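Peer 1: Handing over coords-v6.txt, compact mmCIF, C-alpha atoms and all ligand atoms.
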```
# COMPACT_ATOMS: atom_id res chain seq x y z
CA MET A 1 -2.63 155.28 82.08
CA ARG A 2 -4.54 158.49 82.46
CA GLN A 3 -5.48 160.37 79.32
CA VAL A 4 -6.84 163.74 80.27
CA ASP A 5 -9.94 165.04 78.56
CA LEU A 6 -9.79 167.70 75.93
CA HIS A 7 -11.77 170.91 76.35
CA THR A 8 -11.01 171.57 80.03
CA PRO A 9 -10.11 175.20 80.61
CA GLU A 10 -8.06 174.37 83.70
CA HIS A 11 -5.83 172.07 81.61
CA PRO A 12 -4.98 174.12 78.51
CA LEU A 13 -4.12 172.13 75.42
CA ILE A 14 -0.63 172.79 74.06
CA LEU A 15 0.80 171.63 70.74
CA VAL A 16 4.48 170.79 71.08
CA THR A 17 6.29 170.25 67.80
CA GLY A 18 9.50 168.26 68.18
CA GLY A 19 8.24 167.10 71.58
CA MET A 20 10.03 163.75 71.29
CA GLY A 21 13.42 165.42 71.01
CA TYR A 22 15.91 166.35 73.68
CA ILE A 23 14.63 169.72 74.91
CA GLY A 24 11.10 168.96 73.70
CA SER A 25 10.66 165.81 75.79
CA HIS A 26 11.90 167.51 78.97
CA THR A 27 9.51 170.38 78.31
CA VAL A 28 6.59 167.99 77.77
CA VAL A 29 7.31 166.49 81.21
CA GLU A 30 7.27 169.91 82.87
CA LEU A 31 4.07 170.87 81.04
CA LEU A 32 2.27 167.70 82.08
CA GLN A 33 3.44 168.13 85.66
CA SER A 34 2.09 171.69 85.60
CA GLY A 35 -1.38 170.51 84.51
CA TYR A 36 -1.22 171.19 80.77
CA GLN A 37 -2.46 168.72 78.18
CA VAL A 38 0.06 168.06 75.48
CA ILE A 39 -0.12 166.94 71.88
CA ILE A 40 3.28 166.07 70.50
CA VAL A 41 3.84 166.41 66.78
CA ASP A 42 7.13 164.85 65.73
CA ASN A 43 8.39 163.03 62.63
CA LEU A 44 10.85 160.96 64.72
CA SER A 45 13.71 162.01 62.44
CA ASN A 46 15.99 162.41 65.46
CA SER A 47 14.14 160.55 68.20
CA THR A 48 12.24 157.34 68.87
CA VAL A 49 8.71 156.52 69.94
CA LYS A 50 10.14 155.04 73.16
CA VAL A 51 10.54 158.59 74.48
CA LEU A 52 6.78 158.44 75.16
CA ASP A 53 7.37 155.61 77.63
CA GLY A 54 9.95 157.70 79.48
CA ILE A 55 7.57 160.66 79.67
CA GLU A 56 4.79 158.38 80.92
CA LYS A 57 7.04 156.78 83.55
CA ILE A 58 7.93 160.17 84.99
CA THR A 59 4.53 161.85 84.85
CA GLY A 60 2.01 158.99 84.86
CA ILE A 61 0.50 160.54 81.74
CA ARG A 62 0.93 159.49 78.14
CA PRO A 63 0.68 162.63 76.01
CA TYR A 64 -1.08 162.56 72.66
CA PHE A 65 1.41 161.80 69.92
CA GLU A 66 1.09 162.34 66.16
CA ASN A 67 3.82 161.16 63.82
CA VAL A 68 3.60 164.14 61.50
CA ASP A 69 6.20 166.23 59.73
CA CYS A 70 5.70 169.97 60.19
CA LEU A 71 6.54 170.38 56.51
CA ASP A 72 3.26 168.60 55.72
CA TYR A 73 0.76 171.46 55.80
CA VAL A 74 -2.29 169.28 55.18
CA ALA A 75 -1.40 166.78 57.91
CA LEU A 76 -0.66 169.60 60.34
CA ASP A 77 -3.97 171.26 59.49
CA LYS A 78 -5.70 167.99 60.40
CA ILE A 79 -4.02 168.02 63.82
CA PHE A 80 -5.48 171.44 64.59
CA ILE A 81 -8.89 170.14 63.48
CA LYS A 82 -8.64 166.88 65.42
CA TYR A 83 -7.55 168.51 68.69
CA ILE A 84 -9.87 171.46 68.69
CA GLY A 85 -9.07 174.11 71.28
CA ILE A 86 -5.27 174.25 71.12
CA GLN A 87 -4.23 177.27 73.19
CA ALA A 88 -0.58 177.63 72.21
CA VAL A 89 2.21 176.11 70.17
CA ILE A 90 5.73 175.45 71.40
CA HIS A 91 7.81 174.99 68.29
CA PHE A 92 10.94 172.89 68.77
CA ALA A 93 10.88 170.81 65.60
CA ALA A 94 14.03 171.71 63.70
CA ARG A 95 17.34 170.37 62.54
CA LYS A 96 20.19 171.51 64.75
CA ALA A 97 23.59 170.17 63.68
CA VAL A 98 25.85 173.04 62.69
CA GLY A 99 28.25 170.89 60.61
CA GLU A 100 25.46 169.08 58.77
CA SER A 101 23.87 172.42 57.93
CA VAL A 102 27.06 173.50 56.15
CA GLU A 103 26.98 170.31 54.05
CA LYS A 104 23.22 170.32 53.40
CA PRO A 105 22.07 173.93 53.58
CA LEU A 106 18.85 173.40 51.62
CA LEU A 107 17.76 170.65 53.97
CA TYR A 108 18.11 173.15 56.81
CA TYR A 109 16.49 176.07 55.02
CA ARG A 110 13.54 173.99 53.86
CA ASN A 111 13.01 172.17 57.12
CA ASN A 112 13.56 174.93 59.65
CA ILE A 113 11.90 177.72 57.70
CA ALA A 114 8.98 176.06 55.90
CA SER A 115 7.90 174.30 59.13
CA LEU A 116 7.62 177.60 60.94
CA ILE A 117 5.73 179.19 58.05
CA ASN A 118 3.23 176.32 58.07
CA ILE A 119 2.63 176.75 61.78
CA LEU A 120 2.28 180.52 61.57
CA GLU A 121 -0.20 180.17 58.71
CA LEU A 122 -2.23 177.55 60.52
CA MET A 123 -2.38 179.29 63.91
CA PRO A 124 -4.77 182.12 62.94
CA ARG A 125 -6.87 179.72 60.83
CA HIS A 126 -7.50 177.75 64.01
CA ASP A 127 -7.62 180.72 66.35
CA VAL A 128 -4.38 179.88 68.16
CA LYS A 129 -2.81 183.06 69.49
CA HIS A 130 0.44 182.13 71.20
CA ILE A 131 3.73 180.64 70.08
CA VAL A 132 6.91 179.93 72.04
CA PHE A 133 9.86 179.57 69.72
CA SER A 134 13.16 177.73 70.27
CA SER A 135 15.87 180.15 69.34
CA SER A 136 19.54 180.09 70.12
CA CYS A 137 22.42 182.17 71.41
CA THR A 138 23.93 181.45 68.02
CA VAL A 139 22.18 184.65 66.85
CA TYR A 140 24.76 186.70 68.79
CA GLY A 141 27.73 185.12 66.99
CA GLN A 142 30.95 186.06 68.79
CA PRO A 143 29.94 189.04 70.94
CA LYS A 144 32.46 191.84 71.43
CA PRO A 145 34.30 191.56 74.78
CA GLU A 146 32.39 194.59 76.09
CA ASP A 147 29.08 192.82 75.27
CA LEU A 148 29.88 189.80 77.49
CA PRO A 149 27.84 188.48 79.18
CA VAL A 150 25.34 188.99 76.36
CA ASN A 151 21.96 190.45 77.04
CA GLU A 152 19.06 190.57 74.59
CA GLN A 153 20.14 194.00 73.29
CA ALA A 154 23.49 192.71 72.03
CA PRO A 155 23.73 193.06 68.26
CA ILE A 156 22.70 190.13 66.09
CA GLN A 157 25.77 189.10 64.10
CA PRO A 158 25.91 187.56 60.65
CA ALA A 159 25.32 183.82 61.05
CA THR A 160 28.33 181.53 60.76
CA SER A 161 26.34 178.51 59.54
CA PRO A 162 23.12 177.79 57.65
CA TYR A 163 21.74 176.39 60.93
CA GLY A 164 22.44 179.70 62.69
CA ASN A 165 21.00 181.57 59.76
CA THR A 166 17.74 179.60 59.99
CA LYS A 167 17.37 180.71 63.62
CA GLN A 168 17.90 184.36 62.64
CA ILE A 169 15.49 184.10 59.72
CA ASN A 170 12.94 182.36 61.95
CA GLU A 171 13.13 185.21 64.44
CA GLU A 172 12.60 187.72 61.62
CA ILE A 173 9.66 185.74 60.25
CA ILE A 174 8.06 185.69 63.68
CA ASN A 175 8.64 189.41 64.20
CA ASP A 176 7.18 190.32 60.82
CA THR A 177 4.20 187.99 61.21
CA VAL A 178 3.30 189.19 64.70
CA HIS A 179 3.61 192.82 63.62
CA ALA A 180 1.29 192.19 60.68
CA ASN A 181 -1.44 192.10 63.32
CA ILE A 182 -2.92 188.71 62.70
CA GLY A 183 -3.64 188.27 66.40
CA ILE A 184 -0.55 186.26 67.33
CA ASN A 185 2.02 186.97 70.00
CA ALA A 186 5.34 185.22 70.47
CA ILE A 187 8.03 184.53 73.02
CA MET A 188 11.40 183.65 71.55
CA LEU A 189 13.72 181.83 73.91
CA ARG A 190 17.41 182.03 73.09
CA TYR A 191 19.00 178.94 74.57
CA PHE A 192 22.65 178.82 75.49
CA ASN A 193 24.11 175.28 75.75
CA PRO A 194 21.54 172.82 77.13
CA ILE A 195 23.04 169.77 78.85
CA GLY A 196 22.01 167.05 81.29
CA ALA A 197 19.14 164.63 81.54
CA HIS A 198 16.04 164.24 83.65
CA PRO A 199 17.07 163.25 87.22
CA SER A 200 14.98 160.07 86.86
CA ALA A 201 17.20 159.04 83.89
CA GLU A 202 13.99 158.12 82.03
CA ILE A 203 14.66 160.69 79.30
CA GLY A 204 17.79 162.44 78.07
CA GLU A 205 19.75 163.32 74.98
CA LEU A 206 19.65 160.57 72.33
CA PRO A 207 22.19 161.45 69.67
CA ILE A 208 21.98 159.29 66.57
CA GLY A 209 25.45 158.36 65.29
CA VAL A 210 28.55 160.28 66.33
CA PRO A 211 27.54 163.14 68.63
CA ASN A 212 28.36 166.68 67.55
CA ASN A 213 27.81 168.26 70.92
CA LEU A 214 30.27 168.17 73.77
CA LEU A 215 28.42 166.36 76.56
CA PRO A 216 27.16 163.31 74.69
CA PHE A 217 30.68 162.88 73.33
CA VAL A 218 32.18 163.18 76.81
CA SER A 219 29.80 160.61 78.33
CA GLN A 220 30.11 158.20 75.39
CA THR A 221 33.90 158.40 75.76
CA ALA A 222 33.68 157.79 79.52
CA ILE A 223 31.56 154.68 78.97
CA GLY A 224 33.89 153.34 76.29
CA LEU A 225 31.80 153.86 73.16
CA ARG A 226 34.36 156.36 71.82
CA GLY A 227 38.13 156.03 72.12
CA GLU A 228 38.84 159.60 73.08
CA LEU A 229 37.31 163.03 73.13
CA LYS A 230 38.80 165.55 70.76
CA ILE A 231 39.02 168.97 72.37
CA PHE A 232 38.80 171.47 69.57
CA GLY A 233 41.59 173.94 70.27
CA ASN A 234 43.41 175.10 73.41
CA ASP A 235 44.88 178.23 71.90
CA TYR A 236 41.87 180.50 72.35
CA ASN A 237 42.15 183.74 74.26
CA THR A 238 40.58 182.26 77.41
CA PRO A 239 42.15 181.39 80.79
CA ASP A 240 42.87 177.73 79.87
CA GLY A 241 42.81 178.23 76.10
CA THR A 242 39.60 176.20 75.49
CA CYS A 243 36.25 177.71 74.43
CA ILE A 244 33.79 179.04 76.98
CA ARG A 245 30.02 178.41 76.94
CA ASP A 246 27.07 178.84 79.25
CA TYR A 247 25.92 175.26 79.97
CA ILE A 248 22.33 175.19 81.16
CA ASN A 249 20.53 172.24 82.73
CA VAL A 250 17.85 170.93 80.37
CA VAL A 251 15.20 170.63 83.10
CA ASP A 252 15.80 174.25 84.13
CA LEU A 253 15.48 175.17 80.46
CA ALA A 254 12.26 173.16 80.13
CA LYS A 255 10.75 174.96 83.12
CA ALA A 256 11.33 178.31 81.43
CA HIS A 257 8.92 177.22 78.68
CA VAL A 258 6.18 176.62 81.22
CA VAL A 259 6.74 180.05 82.73
CA ALA A 260 6.75 181.67 79.28
CA LEU A 261 3.51 179.91 78.42
CA GLN A 262 1.84 181.00 81.64
CA ARG A 263 2.88 184.58 80.87
CA MET A 264 1.25 184.41 77.45
CA LEU A 265 -1.91 182.63 78.50
CA SER A 266 -2.51 185.04 81.38
CA ASP A 267 -2.06 188.06 79.08
CA LYS A 268 0.95 189.40 80.97
CA MET A 269 3.09 190.13 77.92
CA GLU A 270 4.27 193.73 77.63
CA GLU A 271 5.11 193.49 73.95
CA LYS A 272 3.73 191.28 71.21
CA VAL A 273 7.13 189.68 70.74
CA GLU A 274 9.36 189.11 73.71
CA VAL A 275 12.85 187.66 73.68
CA PHE A 276 14.64 186.03 76.59
CA ASN A 277 18.13 184.63 77.04
CA LEU A 278 18.09 181.29 78.83
CA GLY A 279 21.41 180.64 80.45
CA THR A 280 23.00 180.49 83.88
CA GLY A 281 25.09 183.64 83.59
CA ARG A 282 28.25 181.61 84.13
CA GLY A 283 30.76 180.65 81.46
CA LEU A 284 32.68 177.37 81.72
CA SER A 285 35.51 176.17 79.51
CA VAL A 286 35.55 172.84 77.69
CA MET A 287 38.40 171.76 79.96
CA GLU A 288 36.46 172.72 83.10
CA ILE A 289 33.51 170.66 81.90
CA VAL A 290 35.69 167.61 81.20
CA LYS A 291 37.51 167.84 84.54
CA THR A 292 34.30 168.39 86.53
CA PHE A 293 32.63 165.49 84.73
CA GLU A 294 35.55 163.22 85.68
CA GLN A 295 35.55 164.40 89.26
CA VAL A 296 31.83 164.23 90.09
CA ASN A 297 31.33 160.89 88.37
CA ASN A 298 34.65 159.36 89.32
CA VAL A 299 35.39 158.29 85.75
CA LYS A 300 38.12 159.00 83.22
CA VAL A 301 37.52 160.84 79.98
CA PRO A 302 40.50 160.20 77.71
CA TYR A 303 41.02 163.25 75.52
CA LYS A 304 43.42 164.86 73.15
CA ILE A 305 43.75 168.43 72.05
CA VAL A 306 43.25 168.84 68.32
CA GLY A 307 42.88 171.85 66.03
CA ARG A 308 40.04 174.33 66.28
CA ARG A 309 36.64 173.36 64.85
CA GLU A 310 35.61 175.59 61.99
CA GLY A 311 32.92 178.08 62.90
CA ASP A 312 33.38 177.72 66.68
CA ILE A 313 32.93 180.81 68.77
CA GLU A 314 35.61 181.56 71.32
CA GLN A 315 33.42 182.54 74.24
CA VAL A 316 29.82 183.34 74.94
CA TRP A 317 27.75 183.31 78.07
CA ALA A 318 24.42 184.81 79.00
CA ASP A 319 23.22 187.75 80.93
CA PRO A 320 19.94 186.12 82.04
CA THR A 321 18.76 189.16 84.07
CA LYS A 322 15.72 189.75 81.87
CA ALA A 323 14.49 186.16 82.23
CA ASN A 324 15.24 186.30 85.96
CA THR A 325 13.32 189.51 86.57
CA VAL A 326 10.58 189.59 83.92
CA LEU A 327 9.81 185.88 83.70
CA GLY A 328 10.72 185.17 87.30
CA TRP A 329 12.73 182.18 86.08
CA LYS A 330 16.25 181.32 87.15
CA ALA A 331 18.52 178.37 86.40
CA GLN A 332 18.72 176.41 89.67
CA GLU A 333 20.72 173.27 89.10
CA THR A 334 24.45 173.08 89.78
CA VAL A 335 26.75 172.00 87.00
CA GLU A 336 27.96 169.16 89.24
CA ASN A 337 24.45 167.68 89.57
CA THR A 338 23.84 168.24 85.89
CA LEU A 339 26.99 166.36 84.91
CA GLN A 340 25.96 163.53 87.23
CA SER A 341 22.61 163.35 85.45
CA VAL A 342 24.46 163.03 82.12
CA TRP A 343 26.37 160.06 83.48
CA ARG A 344 23.31 158.36 84.99
CA TRP A 345 21.58 158.65 81.61
CA GLU A 346 24.60 157.27 79.72
CA GLN A 347 24.67 154.28 82.09
CA LYS A 348 20.94 153.75 81.58
CA LEU A 349 21.46 153.75 77.81
CA LYS A 350 24.16 151.12 78.22
CA ILE A 351 21.79 148.86 80.17
CA LYS A 352 19.15 149.33 77.47
CA ARG A 353 21.64 148.41 74.73
CA GLU A 354 22.66 145.28 76.63
CA GLN A 355 19.01 144.30 77.10
CA GLN A 356 18.39 144.72 73.38
CA ILE A 357 21.34 142.45 72.57
CA GLU A 358 20.03 139.81 75.01
CA GLU A 359 16.52 140.02 73.54
CA SER A 360 17.79 139.67 69.99
CA LYS A 361 19.85 136.62 71.02
CA LEU A 362 16.76 135.03 72.56
CA SER A 363 14.70 135.64 69.44
CA GLU A 364 17.32 134.06 67.12
C1 LIG B 401 26.26 175.40 68.86
C2 LIG B 401 25.52 176.71 68.98
C3 LIG B 401 24.21 176.49 69.65
C4 LIG B 401 23.43 175.42 68.96
C5 LIG B 401 24.24 174.15 68.97
C6 LIG B 401 23.49 173.07 68.22
C7 LIG B 401 26.88 178.69 69.25
C8 LIG B 401 27.63 179.55 70.19
N1 LIG B 401 26.29 177.64 69.78
O1 LIG B 401 26.65 175.06 70.13
O2 LIG B 401 23.47 177.68 69.62
O3 LIG B 401 22.20 175.22 69.56
O4 LIG B 401 25.46 174.39 68.32
O5 LIG B 401 24.22 171.91 68.14
O6 LIG B 401 26.80 178.94 68.08
N2 LIG B 401 33.67 170.50 71.66
C9 LIG B 401 34.83 169.76 71.73
N3 LIG B 401 34.80 168.47 71.31
C10 LIG B 401 33.65 167.86 70.84
C11 LIG B 401 32.46 168.64 70.80
C12 LIG B 401 32.49 169.94 71.21
O7 LIG B 401 35.88 170.27 72.13
O8 LIG B 401 33.69 166.68 70.48
C13 LIG B 401 33.67 171.89 72.12
C14 LIG B 401 33.33 172.88 71.03
O9 LIG B 401 34.49 173.27 70.34
C15 LIG B 401 32.71 174.02 71.85
C16 LIG B 401 32.07 173.31 73.04
O10 LIG B 401 32.68 172.04 73.09
O11 LIG B 401 33.73 174.85 72.33
C17 LIG B 401 30.58 173.15 72.90
O12 LIG B 401 30.29 172.58 71.63
P1 LIG B 401 28.85 172.06 71.23
O13 LIG B 401 28.32 171.19 72.31
O14 LIG B 401 28.96 171.48 69.86
O15 LIG B 401 27.96 173.34 71.22
P2 LIG B 401 28.17 174.76 70.48
O16 LIG B 401 28.99 174.60 69.27
O17 LIG B 401 28.57 175.74 71.50
```
Write out the structure in this file as structure tokens.
Ligand code: UD1
Peer 2:
Amino acid sequence: MRQVDLHTPEHPLILVTGGMGYIGSHTVVELLQSGYQVIIVDNLSNSTVKVLDGIEKITGIRPYFENVDCLDYVALDKIFIKYIGIQAVIHFAARKAVGESVEKPLLYYRNNIASLINILELMPRHDVKHIVFSSSCTVYGQPKPEDLPVNEQAPIQPATSPYGNTKQINEEIINDTVHANIGINAIMLRYFNPIGAHPSAEIGELPIGVPNNLLPFVSQTAIGLRGELKIFGNDYNTPDGTCIRDYINVVDLAKAHVVALQRMLSDKMEEKVEVFNLGTGRGLSVMEIVKTFEQVNNVKVPYKIVGRREGDIEQVWADPTKANTVLGWKAQETVENTLQSVWRWEQKLKIKREQQIEESKLSE
């Protein structure tokens, strides 16, 4: 397969940390399809090396991959030396399970904060000027009713989990570092709830163990891996009593990174740090998601209503006007198509599992 050459100005070289993960892998695909060269740095703590095959099947290009932990400053330094000419970093690598962060806060603080510090220290040493950072709508906490939908001016609320706190601290670290005038600028993208898989079903979300997030749990229940979905609370102050989120298609989200990068590389930024909400602008309840999933895929999702999940926010959805107007990016995909992509991916995973069982039988 084609390996593009380094050092070509028309194919800028981008370092993508966490590029084997869910949002990272979809972004790598969009970058490659837009002509960028990509080096993935990932420690495979929540992904597998097979993701590279999926990326290659879709794009015809196998990106560079380095199995390196962003906590390892020396190893990361060597990456910048090996791939001379990196133009920008997109930093996804982070832990992201809210519940786990409550149980293991230091794991989250060390991983999510020290990784970013390493990258920000290494960037000026290697003359890299641009960073796109994966932030989250979690920084808004539960917005006041008058602040819904939330725009980027909505107040940042005290974090409700160590995970959320790491995102807030990361944003502060980036702000302080950029304003210290070391020649870096940053775009921070606040994601709402990314869902779905690539339409090719070659890549998608790969939760290890019991999923925390709604959609993998829904699709694993529909395919029979889980007995029933637990819906956490139907006594919220929402039309059907279940929580409301802004579910955004992961490919749409990935495309926003390419647009953000183009803005940075073509010197179009108006401020040294820019923040954008990435959502659809539409809030959907848990029950609406479950019912739509059942309907568009013609499957049943057995569920029961249980008590509220600690730390859950009642309702939040985005005002994406700034991303729409300033970035010229808009979420395009319908929720129906997105939920179909989730199901196609879950079915693909089932086939892969069955193949693995067959192969292991043959090798016995
Ligand atoms: C949260 C954060 C998000 C972060 C993500 C990382 C907020 C508002 N959102 O997403 O920024 O990136 O964690 O994981 O802080 N649900 C069920 N049953 C389940 C699973 C989920 O009913 O088995 C419900 C939840 O109660 C929630 C909705 O589904 O209402 C979405 O949950 P989830 O997918 O976990 O995402 P958030 O908690 O919104």
Peer 1: Once you add 3 Å to each side, what are the centre and edge lengths of the axis-aligned box holding all listed atoms of ligand LIG 401 (chain B)? One decimal in Å, as JSON, if you can.
Peer 2:
```
{"center_x": 29.0, "center_y": 173.1, "center_z": 70.6, "size_x": 19.7, "size_y": 18.9, "size_z": 11.0}
```
Peer 1: Let me see if you get this right: every residue at most 9 Å from ligand LIG 401 (chain B), counting all atoms listed in the file, written as a PyMOL selection string.
Peer 2: chain A and resi 95-99+135-142+159-161+163-164+190-195+211-218+229-233+242-247+285-287+289+305-306+308-317
Peer 1: Considering only C-alpha atoms, state which residue in the set A:Ile90, A:Leu107, A:Val128, A:Ile117 is at the smallest distance from Met188 of chain A.
Peer 2: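 Once distances to Met188 of chain A are computed over only C-alpha atoms, the minimum belongs to A:Ile90.
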Peer 1: Excluding segment 177-181 of chain A and its own-chain neighbours fewer than 4 positions away, which residues fall within 7 Å of it when counting only C-alpha atoms? Please give them as a PyMOL selection string.
Peer 2: chain A and resi 173+185+272
Peer 1: Quick one: residues within 6 Å of Ile39 of chain A, only C-alpha atoms counted, chain neighbours fewer than 3 positions away excluded, as number ranges by chain?
Peer 2: A: 15, 64-65
Peer 1: So which one's closest to Gly35 of chain A, A:Thr166, A:Thr17, A:Thr59, A:Gln332? Using all atoms listed in the file, please.
Peer 2: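 Looking at the shortest contact to Gly35 of chain A, the residue is A:Thr59.
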Peer 1: Go through A:Pro124, A:Gly281, A:Gly224, A:Pro162 and flag the residue nearest Tyr109 of chain A, using all atoms listed in the file for the distances.
Peer 2: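 Counting all atoms listed in the file, the residue closest to Tyr109 of chain A is A:Pro162.
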Peer 1: Atom CA of Asp252 of chain A and atom CA of His26 of chain A are how many Å apart?
Peer 2: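 It comes out at 9.3 Å.
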Peer 1: With distances taken over all atoms listed in the file, which residue among A:Ile357, A:Ala222, A:Glu274, A:Thr325 lies nearest Lys291 of chain A?
Peer 2: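 Using all atoms listed in the file, the shortest distance to Lys291 of chain A belongs to A:Ala222.
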